[in-house]
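Shown next: upload13.txt, given as compact mmCIF, C-alpha atoms (C1' of nucleotides).
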```
# COMPACT_ATOMS: atom_id res chain seq x y z
CA MET Y 1 -23.05 -32.55 -23.65
CA ALA Y 2 -20.68 -29.65 -23.10
CA ASN Y 3 -21.41 -26.27 -21.64
CA THR Y 4 -24.53 -24.81 -23.24
CA ALA Y 5 -24.69 -21.75 -21.03
CA LYS Y 6 -26.16 -18.71 -22.71
CA PHE Y 7 -24.21 -16.06 -20.82
CA ASN Y 8 -20.80 -14.67 -21.68
CA ARG Y 9 -18.60 -15.25 -18.65
CA ARG Y 10 -16.27 -12.36 -19.42
CA GLN Y 11 -19.09 -9.84 -19.81
CA VAL Y 12 -20.68 -11.08 -16.61
CA LEU Y 13 -17.40 -10.71 -14.73
CA GLU Y 14 -16.92 -7.20 -16.12
CA LYS Y 15 -20.33 -6.09 -14.86
CA ALA Y 16 -19.98 -7.86 -11.52
CA THR Y 17 -16.54 -6.32 -11.06
CA ARG Y 18 -17.89 -2.81 -11.63
CA LEU Y 19 -20.64 -3.41 -9.09
CA PHE Y 20 -18.46 -4.94 -6.37
CA TRP Y 21 -15.77 -2.32 -7.01
CA GLN Y 22 -18.29 0.44 -6.46
CA LYS Y 23 -20.22 -0.89 -3.48
CA GLY Y 24 -17.89 -3.41 -1.84
CA PHE Y 25 -18.53 -7.04 -0.99
CA HIS Y 26 -20.89 -6.62 1.97
CA ALA Y 27 -22.98 -3.77 0.60
CA THR Y 28 -23.62 -5.54 -2.71
CA SER Y 29 -26.69 -7.75 -2.44
CA THR Y 30 -27.32 -10.81 -4.57
CA ARG Y 31 -30.35 -8.98 -5.96
CA ASP Y 32 -28.11 -6.09 -7.05
CA ILE Y 33 -25.97 -8.67 -8.83
CA GLN Y 34 -28.95 -10.36 -10.49
CA GLN Y 35 -30.02 -7.06 -11.97
CA ALA Y 36 -26.54 -5.96 -13.06
CA ILE Y 37 -25.64 -9.17 -14.87
CA ASP Y 38 -29.21 -10.09 -15.92
CA MET Y 39 -29.18 -13.59 -14.53
CA ARG Y 40 -31.55 -15.35 -12.14
CA PRO Y 41 -30.30 -16.73 -8.79
CA GLY Y 42 -30.37 -20.36 -9.94
CA SER Y 43 -28.06 -19.64 -12.88
CA ILE Y 44 -25.70 -17.54 -10.81
CA TYR Y 45 -25.36 -20.21 -8.16
CA ALA Y 46 -24.90 -22.92 -10.80
CA ALA Y 47 -22.11 -20.91 -12.43
CA PHE Y 48 -20.29 -19.44 -9.42
CA GLY Y 49 -21.41 -21.45 -6.37
CA SER Y 50 -22.01 -18.53 -4.03
CA LYS Y 51 -21.67 -14.78 -3.63
CA SER Y 52 -18.16 -15.42 -2.29
CA GLY Y 53 -17.31 -17.62 -5.26
CA LEU Y 54 -18.33 -14.89 -7.67
CA PHE Y 55 -16.38 -12.32 -5.70
CA ARG Y 56 -13.32 -14.53 -5.79
CA GLU Y 57 -13.42 -14.61 -9.58
CA VAL Y 58 -14.01 -10.85 -9.60
CA LEU Y 59 -10.85 -10.29 -7.55
CA GLN Y 60 -8.82 -12.38 -9.99
CA PHE Y 61 -10.41 -10.65 -12.98
CA TYR Y 62 -9.59 -7.24 -11.53
CA ALA Y 63 -5.98 -8.16 -10.76
CA ALA Y 64 -5.48 -9.59 -14.26
CA ASN Y 65 -6.79 -6.35 -15.76
CA MET Y 66 -4.37 -4.30 -13.66
CA THR Y 67 -1.49 -6.49 -14.79
CA GLU Y 68 -2.51 -5.97 -18.42
CA GLN Y 69 -2.70 -2.23 -17.90
CA LEU Y 70 0.82 -2.21 -16.42
CA ALA Y 71 2.08 -4.16 -19.43
CA ARG Y 72 0.45 -1.67 -21.82
CA SER Y 73 1.95 1.26 -19.90
CA LEU Y 74 5.42 -0.26 -20.06
CA ALA Y 75 5.02 -0.90 -23.79
CA ALA Y 76 3.96 2.71 -24.37
CA ALA Y 77 7.09 4.22 -22.78
CA ASP Y 78 10.75 4.27 -23.81
CA THR Y 79 12.06 3.38 -20.36
CA VAL Y 80 10.90 1.11 -17.57
CA VAL Y 81 10.81 3.98 -15.10
CA GLY Y 82 8.83 6.04 -17.60
CA GLY Y 83 6.43 3.11 -18.06
CA LEU Y 84 5.85 2.84 -14.33
CA GLN Y 85 5.14 6.55 -14.20
CA VAL Y 86 2.65 6.25 -17.07
CA PHE Y 87 0.97 3.41 -15.18
CA PHE Y 88 0.67 5.48 -11.99
CA ARG Y 89 -0.79 8.45 -13.86
CA ARG Y 90 -3.25 6.26 -15.76
CA VAL Y 91 -4.54 4.53 -12.66
CA LEU Y 92 -4.64 7.64 -10.49
CA LEU Y 93 -5.62 10.41 -12.87
CA GLU Y 94 -7.24 9.01 -16.00
CA GLY Y 95 -9.30 6.05 -14.82
CA GLY Y 96 -11.11 8.27 -12.34
CA ASP Y 97 -13.86 9.40 -14.65
CA ASP Y 98 -15.70 6.17 -15.31
CA ALA Y 99 -14.01 3.91 -12.76
CA PRO Y 100 -16.43 2.64 -10.12
CA SER Y 101 -14.17 3.84 -7.31
CA GLU Y 102 -11.00 5.84 -6.82
CA LEU Y 103 -9.71 2.98 -4.67
CA CYS Y 104 -7.94 -0.21 -5.63
CA LEU Y 105 -10.48 -3.05 -5.38
CA LEU Y 106 -7.86 -5.21 -3.66
CA ALA Y 107 -7.15 -2.56 -1.03
CA LYS Y 108 -10.87 -1.98 -0.58
CA SER Y 109 -11.44 -5.70 -0.05
CA LEU Y 110 -8.45 -5.97 2.27
CA SER Y 111 -10.13 -3.27 4.31
CA GLU Y 112 -13.63 -4.70 4.58
CA LEU Y 113 -13.03 -8.45 4.66
CA ASP Y 114 -13.03 -10.09 8.06
CA GLU Y 115 -11.49 -13.33 9.28
CA GLU Y 116 -14.98 -14.78 8.76
CA GLU Y 117 -14.35 -14.54 5.02
CA GLY Y 118 -10.86 -15.96 5.42
CA GLU Y 119 -10.55 -17.48 1.96
CA LEU Y 120 -11.37 -14.19 0.23
CA LEU Y 121 -8.95 -12.36 2.52
CA ARG Y 122 -6.19 -14.83 1.68
CA GLU Y 123 -6.90 -14.47 -2.05
CA THR Y 124 -6.76 -10.68 -1.75
CA ARG Y 125 -3.43 -10.73 0.09
CA GLN Y 126 -1.97 -13.11 -2.47
CA LEU Y 127 -3.01 -10.93 -5.40
CA LEU Y 128 -1.52 -7.86 -3.72
CA ALA Y 129 1.72 -9.74 -3.13
CA ALA Y 130 1.79 -10.69 -6.81
CA THR Y 131 1.43 -7.01 -7.75
CA GLU Y 132 4.35 -6.05 -5.52
CA ALA Y 133 6.42 -8.88 -7.04
CA GLU Y 134 5.62 -7.53 -10.50
CA PHE Y 135 6.76 -4.04 -9.42
CA ARG Y 136 9.95 -5.58 -8.06
CA SER Y 137 10.80 -7.42 -11.25
CA GLN Y 138 10.27 -4.21 -13.23
CA VAL Y 139 12.54 -2.29 -10.86
CA GLU Y 140 15.18 -4.98 -11.31
CA ARG Y 141 14.78 -4.69 -15.05
CA ALA Y 142 15.29 -0.93 -14.80
CA VAL Y 143 18.49 -1.48 -12.83
CA SER Y 144 19.84 -3.97 -15.35
CA ARG Y 145 19.06 -1.50 -18.14
CA GLY Y 146 21.04 1.20 -16.38
CA GLU Y 147 18.00 3.37 -15.62
CA LEU Y 148 18.56 3.03 -11.89
CA PRO Y 149 21.84 2.81 -9.95
CA THR Y 150 23.17 -0.67 -9.31
CA HIS Y 151 22.92 -0.21 -5.55
CA THR Y 152 19.16 0.26 -5.77
CA ASP Y 153 17.25 -1.83 -3.22
CA ALA Y 154 14.64 -3.30 -5.55
CA ALA Y 155 12.58 -4.90 -2.81
CA LEU Y 156 12.39 -1.64 -0.86
CA LEU Y 157 11.55 0.46 -3.90
CA ALA Y 158 8.83 -1.97 -5.04
CA ARG Y 159 7.33 -1.90 -1.55
CA GLN Y 160 7.38 1.89 -1.58
CA LEU Y 161 5.61 1.95 -4.93
CA GLN Y 162 2.90 -0.36 -3.58
CA VAL Y 163 2.46 1.77 -0.44
CA GLN Y 164 2.32 4.99 -2.44
CA LEU Y 165 -0.15 3.68 -5.01
CA ILE Y 166 -2.61 2.51 -2.36
CA GLY Y 167 -2.08 5.63 -0.26
CA LEU Y 168 -2.55 7.97 -3.19
CA ARG Y 169 -5.75 6.26 -4.28
CA SER Y 170 -7.12 6.66 -0.75
CA TYR Y 171 -6.05 10.29 -0.75
CA LEU Y 172 -7.85 10.81 -4.04
CA ARG Y 173 -11.05 9.40 -2.59
CA ALA Y 174 -10.65 11.56 0.50
CA THR Y 175 -10.03 14.84 -1.28
CA GLY Y 176 -10.62 14.49 -5.03
CA ASN Y 177 -7.55 16.68 -5.38
CA ARG Y 178 -5.92 15.41 -8.59
CA ALA Y 179 -3.43 18.26 -8.78
CA ALA Y 180 -2.07 17.34 -5.36
CA VAL Y 181 -1.78 13.68 -6.37
CA ASN Y 182 -0.10 14.61 -9.62
CA GLU Y 183 2.49 16.63 -7.73
CA ILE Y 184 3.36 13.67 -5.53
CA VAL Y 185 3.61 11.30 -8.50
CA GLY Y 186 6.07 13.74 -10.01
CA HIS Y 187 8.31 13.31 -6.97
CA LEU Y 188 7.79 9.55 -6.79
CA PHE Y 189 10.65 8.53 -9.01
CA ASP Y 190 12.89 11.16 -7.53
CA THR Y 191 13.63 9.44 -4.20
CA PRO Y 192 17.12 9.15 -2.67
CA GLU Y 193 17.31 5.58 -3.98
CA ILE Y 194 17.04 6.91 -7.51
CA SER Y 195 18.54 10.36 -7.49
CA GLN Y 196 21.62 9.89 -5.36
CA MET U 197 -34.84 16.38 35.76
CA ALA U 198 -31.44 16.22 34.19
CA ASN U 199 -29.78 13.26 32.57
CA THR U 200 -30.20 10.21 34.78
CA ALA U 201 -28.73 7.77 32.31
CA LYS U 202 -26.95 4.86 33.91
CA PHE U 203 -24.36 4.30 31.23
CA ASN U 204 -20.98 6.00 30.91
CA ARG U 205 -20.88 7.61 27.50
CA ARG U 206 -17.12 7.48 27.19
CA GLN U 207 -16.90 3.79 28.04
CA VAL U 208 -19.71 3.03 25.62
CA LEU U 209 -17.93 4.94 22.86
CA GLU U 210 -14.67 3.13 23.59
CA LYS U 211 -16.33 -0.26 23.22
CA ALA U 212 -18.35 0.74 20.17
CA THR U 213 -15.22 2.17 18.55
CA ARG U 214 -13.33 -1.08 19.03
CA LEU U 215 -16.20 -3.02 17.48
CA PHE U 216 -16.72 -0.76 14.45
CA TRP U 217 -12.97 -0.44 13.97
CA GLN U 218 -12.67 -4.22 13.80
CA LYS U 219 -15.68 -5.12 11.68
CA GLY U 220 -16.52 -1.94 9.79
CA PHE U 221 -19.83 -0.08 9.63
CA HIS U 222 -21.81 -2.47 7.42
CA ALA U 223 -20.63 -5.73 8.95
CA THR U 224 -21.40 -4.59 12.50
CA SER U 225 -24.99 -5.41 13.41
CA THR U 226 -27.01 -3.55 16.01
CA ARG U 227 -27.16 -6.83 17.96
CA ASP U 228 -23.34 -6.97 17.99
CA ILE U 229 -23.41 -3.45 19.41
CA GLN U 230 -26.02 -4.30 22.04
CA GLN U 231 -23.83 -7.10 23.32
CA ALA U 232 -20.56 -5.13 23.23
CA ILE U 233 -21.85 -2.10 25.12
CA ASP U 234 -24.43 -3.97 27.24
CA MET U 235 -27.40 -1.77 26.36
CA ARG U 236 -30.82 -2.64 24.96
CA PRO U 237 -32.00 -1.24 21.62
CA GLY U 238 -34.37 1.27 23.18
CA SER U 239 -31.60 2.89 25.24
CA ILE U 240 -29.18 2.93 22.34
CA TYR U 241 -31.67 4.63 20.05
CA ALA U 242 -32.64 7.12 22.78
CA ALA U 243 -28.97 8.04 23.27
CA PHE U 244 -27.63 7.98 19.69
CA GLY U 245 -30.64 8.12 17.38
CA SER U 246 -29.54 5.43 14.97
CA LYS U 247 -26.70 3.12 14.03
CA SER U 248 -25.39 5.95 11.83
CA GLY U 249 -25.62 8.43 14.69
CA LEU U 250 -23.57 6.17 16.94
CA PHE U 251 -21.02 5.62 14.18
CA ARG U 252 -20.72 9.36 13.66
CA GLU U 253 -19.78 9.82 17.31
CA VAL U 254 -17.40 6.88 17.03
CA LEU U 255 -15.59 8.54 14.12
CA GLN U 256 -15.17 11.74 16.14
CA PHE U 257 -14.05 9.80 19.20
CA TYR U 258 -11.45 7.93 17.15
CA ALA U 259 -10.11 11.10 15.53
CA ALA U 260 -9.86 12.86 18.90
CA ASN U 261 -7.87 9.94 20.29
CA MET U 262 -5.47 10.07 17.33
CA THR U 263 -4.95 13.79 17.89
CA GLU U 264 -4.19 13.14 21.55
CA GLN U 265 -1.73 10.44 20.63
CA LEU U 266 0.07 12.81 18.24
CA ALA U 267 0.28 15.42 20.98
CA ARG U 268 1.73 12.87 23.40
CA SER U 269 4.28 11.75 20.78
CA LEU U 270 5.38 15.33 20.17
CA ALA U 271 5.69 15.93 23.90
CA ALA U 272 7.85 12.82 24.29
CA ALA U 273 10.45 13.89 21.71
CA ASP U 274 13.05 16.64 21.65
CA THR U 275 12.26 17.77 18.11
CA VAL U 276 9.08 18.11 16.07
CA VAL U 277 10.44 15.81 13.38
CA GLY U 278 11.39 13.29 16.05
CA GLY U 279 7.90 13.56 17.55
CA LEU U 280 6.30 12.83 14.18
CA GLN U 281 8.53 9.82 13.78
CA VAL U 282 7.57 8.57 17.25
CA PHE U 283 3.92 8.99 16.28
CA PHE U 284 4.36 6.97 13.08
CA ARG U 285 6.13 4.17 14.89
CA ARG U 286 3.56 4.08 17.68
CA VAL U 287 0.61 3.90 15.30
CA LEU U 288 2.21 1.47 12.89
CA LEU U 289 4.30 -0.80 15.07
CA GLU U 290 3.14 -0.65 18.67
CA GLY U 291 -0.63 -0.33 18.48
CA GLY U 292 -0.82 -3.45 16.37
CA ASP U 293 -1.07 -5.93 19.21
CA ASP U 294 -4.38 -5.01 20.78
CA ALA U 295 -5.68 -2.59 18.16
CA PRO U 296 -8.87 -3.86 16.49
CA SER U 297 -7.38 -3.36 13.02
CA GLU U 298 -4.09 -2.45 11.40
CA LEU U 299 -5.98 0.12 9.36
CA CYS U 300 -6.95 3.70 10.16
CA LEU U 301 -10.67 3.69 11.02
CA LEU U 302 -11.12 6.84 8.93
CA ALA U 303 -9.47 5.24 5.88
CA LYS U 304 -11.50 2.07 6.42
CA SER U 305 -14.71 4.08 6.56
CA LEU U 306 -13.72 6.16 3.55
CA SER U 307 -13.36 2.86 1.75
CA GLU U 308 -16.65 1.22 2.65
CA LEU U 309 -19.05 4.16 2.88
CA ASP U 310 -21.21 4.83 -0.13
CA GLU U 311 -22.95 7.97 -1.32
CA GLU U 312 -26.04 6.45 0.33
CA GLU U 313 -24.42 7.23 3.69
CA GLY U 314 -23.42 10.70 2.51
CA GLU U 315 -23.35 12.37 5.90
CA LEU U 316 -20.96 9.79 7.36
CA LEU U 317 -18.78 10.06 4.27
CA ARG U 318 -18.62 13.83 4.61
CA GLU U 319 -17.76 13.54 8.30
CA THR U 320 -14.97 11.06 7.49
CA ARG U 321 -13.46 13.30 4.81
CA GLN U 322 -13.57 16.28 7.14
CA LEU U 323 -11.80 14.44 9.96
CA LEU U 324 -9.10 13.25 7.53
CA ALA U 325 -8.63 16.82 6.30
CA ALA U 326 -8.24 17.97 9.90
CA THR U 327 -5.51 15.37 10.42
CA GLU U 328 -3.63 16.58 7.36
CA ALA U 329 -3.97 20.17 8.59
CA GLU U 330 -2.50 19.13 11.92
CA PHE U 331 0.46 17.50 10.13
CA ARG U 332 0.94 20.68 8.14
CA SER U 333 1.01 22.94 11.16
CA GLN U 334 3.58 20.65 12.79
CA VAL U 335 5.74 20.74 9.66
CA GLU U 336 5.55 24.53 9.69
CA ARG U 337 6.54 24.53 13.32
CA ALA U 338 9.54 22.33 12.47
CA VAL U 339 10.57 24.79 9.76
CA SER U 340 10.31 27.77 12.10
CA ARG U 341 12.40 25.90 14.67
CA GLY U 342 15.11 25.33 12.08
CA GLU U 343 14.59 21.54 11.93
CA LEU U 344 13.65 21.70 8.28
CA PRO U 345 15.01 24.02 5.54
CA THR U 346 13.07 27.23 5.00
CA HIS U 347 12.21 26.31 1.42
CA THR U 348 10.26 23.22 2.64
CA ASP U 349 6.85 22.89 0.99
CA ALA U 350 4.81 22.26 4.15
CA ALA U 351 1.57 21.49 2.30
CA LEU U 352 3.29 18.92 0.09
CA LEU U 353 5.16 17.28 2.96
CA ALA U 354 2.01 17.06 5.11
CA ARG U 355 0.15 15.48 2.21
CA GLN U 356 2.98 12.96 1.74
CA LEU U 357 2.85 12.07 5.43
CA GLN U 358 -0.90 11.48 5.18
CA VAL U 359 -0.51 9.32 2.07
CA GLN U 360 2.33 7.31 3.59
CA LEU U 361 0.57 6.70 6.90
CA ILE U 362 -2.57 5.36 5.22
CA GLY U 363 -0.56 3.39 2.67
CA LEU U 364 1.69 1.85 5.30
CA ARG U 365 -1.24 0.79 7.45
CA SER U 366 -2.78 -0.92 4.43
CA TYR U 367 0.53 -2.57 3.67
CA LEU U 368 0.73 -3.83 7.24
CA ARG U 369 -2.71 -5.40 6.94
CA ALA U 370 -1.75 -6.94 3.61
CA THR U 371 1.55 -8.46 4.70
CA GLY U 372 1.95 -8.19 8.48
CA ASN U 373 5.58 -7.35 7.69
CA ARG U 374 6.55 -4.93 10.44
CA ALA U 375 10.23 -4.98 9.56
CA ALA U 376 9.43 -3.80 6.03
CA VAL U 377 7.22 -1.01 7.38
CA ASN U 378 9.87 0.00 9.88
CA GLU U 379 12.42 0.29 7.09
CA ILE U 380 10.18 2.64 5.13
CA VAL U 381 9.45 4.78 8.20
CA GLY U 382 13.18 5.15 8.63
CA HIS U 383 13.42 6.68 5.14
CA LEU U 384 10.27 8.79 5.61
CA PHE U 385 11.93 11.85 7.06
CA ASP U 386 14.82 11.54 4.69
CA THR U 387 13.10 12.84 1.54
CA PRO U 388 14.62 15.39 -0.86
CA GLU U 389 12.49 18.10 0.79
CA ILE U 390 14.25 17.46 4.05
CA SER U 391 17.72 16.28 3.15
CA GLN U 392 18.68 18.61 0.33
C1' DT T 393 -44.57 7.95 51.37
C1' DT T 394 -46.53 9.37 47.14
C1' DT T 395 -46.13 11.26 42.72
C1' DC T 396 -43.86 12.39 38.63
C1' DT T 397 -40.90 11.69 34.92
C1' DA T 398 -36.82 10.27 32.57
C1' DC T 399 -34.81 6.15 31.40
C1' DT T 400 -34.66 1.12 30.39
C1' DT T 401 -36.51 -3.12 28.76
C1' DG T 402 -37.22 -6.75 25.19
C1' DA T 403 -40.69 -8.81 22.25
C1' DG T 404 -41.31 -8.38 17.87
C1' DC T 405 -42.42 -5.63 13.19
C1' DG T 406 -41.61 -5.17 8.30
C1' DA T 407 -37.86 -5.38 5.18
C1' DT T 408 -34.14 -7.56 3.21
C1' DC T 409 -30.56 -10.93 3.28
C1' DG T 410 -28.13 -15.27 0.83
C1' DC T 411 -29.70 -19.05 -1.18
C1' DT T 412 -32.69 -23.49 -2.77
C1' DC T 413 -35.23 -26.37 -5.74
C1' DA T 414 -39.17 -28.14 -8.37
C1' DA T 415 -40.72 -27.04 -12.77
C1' DG T 416 -40.00 -25.38 -17.39
C1' DA T 417 -37.23 -24.29 -21.67
C1' DC T 418 -34.07 -25.56 -25.04
C1' DG T 419 -30.44 -27.60 -28.08
C1' DG T 420 -28.18 -31.72 -29.85
C1' DA T 421 -28.31 -36.86 -30.64
C1' DA T 422 -30.70 -40.63 -32.54
C1' DT Q 423 -39.84 -36.09 -34.42
C1' DT Q 424 -38.80 -37.89 -30.04
C1' DC Q 425 -35.90 -38.19 -26.26
C1' DC Q 426 -32.42 -36.79 -23.01
C1' DG Q 427 -29.63 -34.02 -20.26
C1' DT Q 428 -28.20 -29.31 -19.19
C1' DC Q 429 -29.32 -24.80 -18.17
C1' DT Q 430 -32.72 -21.34 -16.67
C1' DT Q 431 -36.53 -19.68 -14.05
C1' DG Q 432 -38.62 -17.35 -9.98
C1' DA Q 433 -41.42 -18.16 -5.94
C1' DG Q 434 -40.24 -18.33 -1.64
C1' DC Q 435 -37.58 -20.38 2.74
C1' DG Q 436 -35.34 -19.43 7.12
C1' DA Q 437 -32.27 -16.14 9.03
C1' DT Q 438 -31.05 -11.71 10.11
C1' DC Q 439 -31.34 -6.83 9.49
C1' DG Q 440 -32.34 -1.82 11.68
C1' DC Q 441 -35.51 -0.23 14.52
C1' DT Q 442 -40.14 0.75 17.47
C1' DC Q 443 -43.00 1.21 21.41
C1' DA Q 444 -45.99 -0.18 25.22
C1' DA Q 445 -44.87 -1.57 29.67
C1' DG Q 446 -41.84 -1.56 33.58
C1' DT Q 447 -38.25 0.58 36.74
C1' DA Q 448 -36.05 3.81 39.61
C1' DG Q 449 -34.43 8.26 41.36
C1' DA Q 450 -35.72 13.13 42.59
C1' DA Q 451 -39.25 16.36 44.22
C1' DA Q 452 -42.89 17.36 47.36
```

Go ahead and render the structure in this file as structure tokens.
Amino acid sequence: MANTAKFNRRQVLEKATRLFWQKGFHATSTRDIQQAIDMRPGSIYAAFGSKSGLFREVLQFYAANMTEQLARSLAAADTVVGGLQVFFRRVLLEGGDDAPSELCLLAKSLSELDEEEGELLRETRQLLAATEAEFRSQVERAVSRGELPTHTDAALLARQLQVQLIGLRSYLRATGNRAAVNEIVGHLFDTPEISQ
Amino acid sequence: MANTAKFNRRQVLEKATRLFWQKGFHATSTRDIQQAIDMRPGSIYAAFGSKSGLFREVLQFYAANMTEQLARSLAAADTVVGGLQVFFRRVLLEGGDDAPSELCLLAKSLSELDEEEGELLRETRQLLAATEAEFRSQVERAVSRGELPTHTDAALLARQLQVQLIGLRSYLRATGNRAAVNEIVGHLFDTPEISQ
DNA sequence: TTTCTACTTGAGCGATCGCTCAAGACGGAA
DNA sequence: TTCCGTCTTGAGCGATCGCTCAAGTAGAAA
């Protein structure tokens, strides 16, 4: 007999992601989870193995959603650089209203996970590296399309985008100052690498 | 009778800061603290009131140390801009060996604290704002000394320094790639605001 | 030396943690 | 309709949490 589970895995992951994203891994109790996803402990542990196992799937679910959002942003703009800028503005300035946190869930996890949760920490680092690799391939695409000069250091620029995105999300949580963030995003694609 | 406490408050705060900085507020148990600072619960609660009260003093202690380190960096360099660069390199590249975490304790706390710990969150935001204000006054000093052009937007540049420092520390925790961080720091004081 | 008082001690309270498992519910096969 | 195997249920286990407080200790005053 195949899987006869009653729950919808995607909906469960959506709700669990919102909860973990808001409260973090440590501060989210299994009883919080039970209430949020309307499942009893036995079912949760049968489906996900442990709190860590669920969180691991949540991290992957979150990263996949971010990748989709980047793809949509790129599709909505005429240029690659414009698409990246749309993505930054969406993540930083538009998602803020109903998003569970101003921060990136991966950065938040990177911050709170200890060596004791080594597997989750490794997963987080890997997903962040994949994001940076995605930025890099987009920068390379922009160069090959003539949007950026041929001498552009794609690895450096992708790294700078990653640093800025995480830094700006932290700054937003610290100050709530969207105008200040918007001003910096405006300068983001105006660095010496691009403008000179 | 005045204070006859046997413990040295500064030494206790140093040890507690290292512990909280490494593990974070939630993941540090009061029993971890008891062991690290060699005090029994009764004494700790008499001296600091609660785990939150101790953490509050730890946040202030950490921020004061960062301010001192910035002052030392500025004193060790010929120019203000050079002093800021020394500070960035010290925090990002030199402290990493024995520092409890690659991250800024304030950014880490900003990330894990919830509205349920509102007072600690407010304290964290205030200390971060004070850091940005310190950056700004140094940028203004650099302008008045002729190190930066007079049209420099000091508020914007200070904000960018804050964003970059937090972002770079996250990046260091994500990748451990000091060479990559060093490369970005090299470009930091080479932005359009400065070079044009 | 005696007294006073501030400080320290550590057993342990009530709450909550992540998680288990025996019992029940339910859908498909025969 | 009966049977079988999977999924669900929820009481509750052992561990750990932040914290309290009655009893003990030690230094200053008299």

Compile the contact shell of segment 430-434 of chain Q as an MDAnalysis selection string: residues with an atom at most 9 Å away, counting all atoms listed in the file, same-chain residues fewer than 2 positions apart removed. (chainID Y and resid 39:43) or (chainID T and resid 415:417)

Taken to one decimal, the atom CA of Arg318 of chain U-atom CA of Ser269 of chain U distance is 28.1 Å

Near chain Q, which residues of chain U fall within 12 Å when you count all atoms listed in the file, and what do they look like as JSON, numbers by chain? {"U": [197, 198, 199, 200, 201, 202, 222, 223, 224, 225, 226, 227, 228, 229, 236, 237, 238, 239, 240, 241, 242, 245, 246, 247, 248]}

Under the rule that only C-alpha atoms (C1' of nucleotides) are counted, which of U:Phe385, U:Leu352, U:Phe203, U:Leu324 is the nearest residue to chain T?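 Under the stated criterion, the closest residue is U:Phe203.
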
Set the cut-off to 12 Å and count all atoms listed in the file: what are the residues of chain T that reach chain Y? Output as a VMD selection string. chain T and resid 408 to 414 418 to 421

Restrict the selected residues to C-alpha atoms (C1' of nucleotides) and save them as a JSON list (two decimals), in the coordinates of the input.
```
[["chain", "number", "residue", "atom", "x", "y", "z"],
["T", 408, "DT", "C1'", -34.14, -7.56, 3.21],
["T", 409, "DC", "C1'", -30.56, -10.93, 3.28],
["T", 410, "DG", "C1'", -28.13, -15.27, 0.83],
["T", 411, "DC", "C1'", -29.70, -19.05, -1.18],
["T", 412, "DT", "C1'", -32.69, -23.49, -2.77],
["T", 413, "DC", "C1'", -35.23, -26.37, -5.74],
["T", 414, "DA", "C1'", -39.17, -28.14, -8.37],
["T", 418, "DC", "C1'", -34.07, -25.56, -25.04],
["T", 419, "DG", "C1'", -30.44, -27.60, -28.08],
["T", 420, "DG", "C1'", -28.18, -31.72, -29.85],
["T", 421, "DA", "C1'", -28.31, -36.86, -30.64]]
```

Counting only C-alpha atoms, a student should be able to say which residues of chain U come within 10 Å of chain Y; what is the right answer, written as a PyMOL selection string? chain U and resi 218-223+297-311+317-318+320-325+351-353+355-371+376-377+379-380+383+386-388+391

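Coordinates place atom CA of Glu140 of chain Y at a distance of 29.9 Å from atom CA of Gln281 of chain U.
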
Report the centre and edge lengths, in Å to one decimal, of an axis-aligned box enclosing every atom of segment 346-359 of chain U listed in the file, padded by 5 Å on each side, as lines of an AutoDock Vina configuration file.
```
center_x = 6.1
center_y = 18.3
center_z = 2.8
size_x = 24.0
size_y = 27.9
size_z = 15.3
```
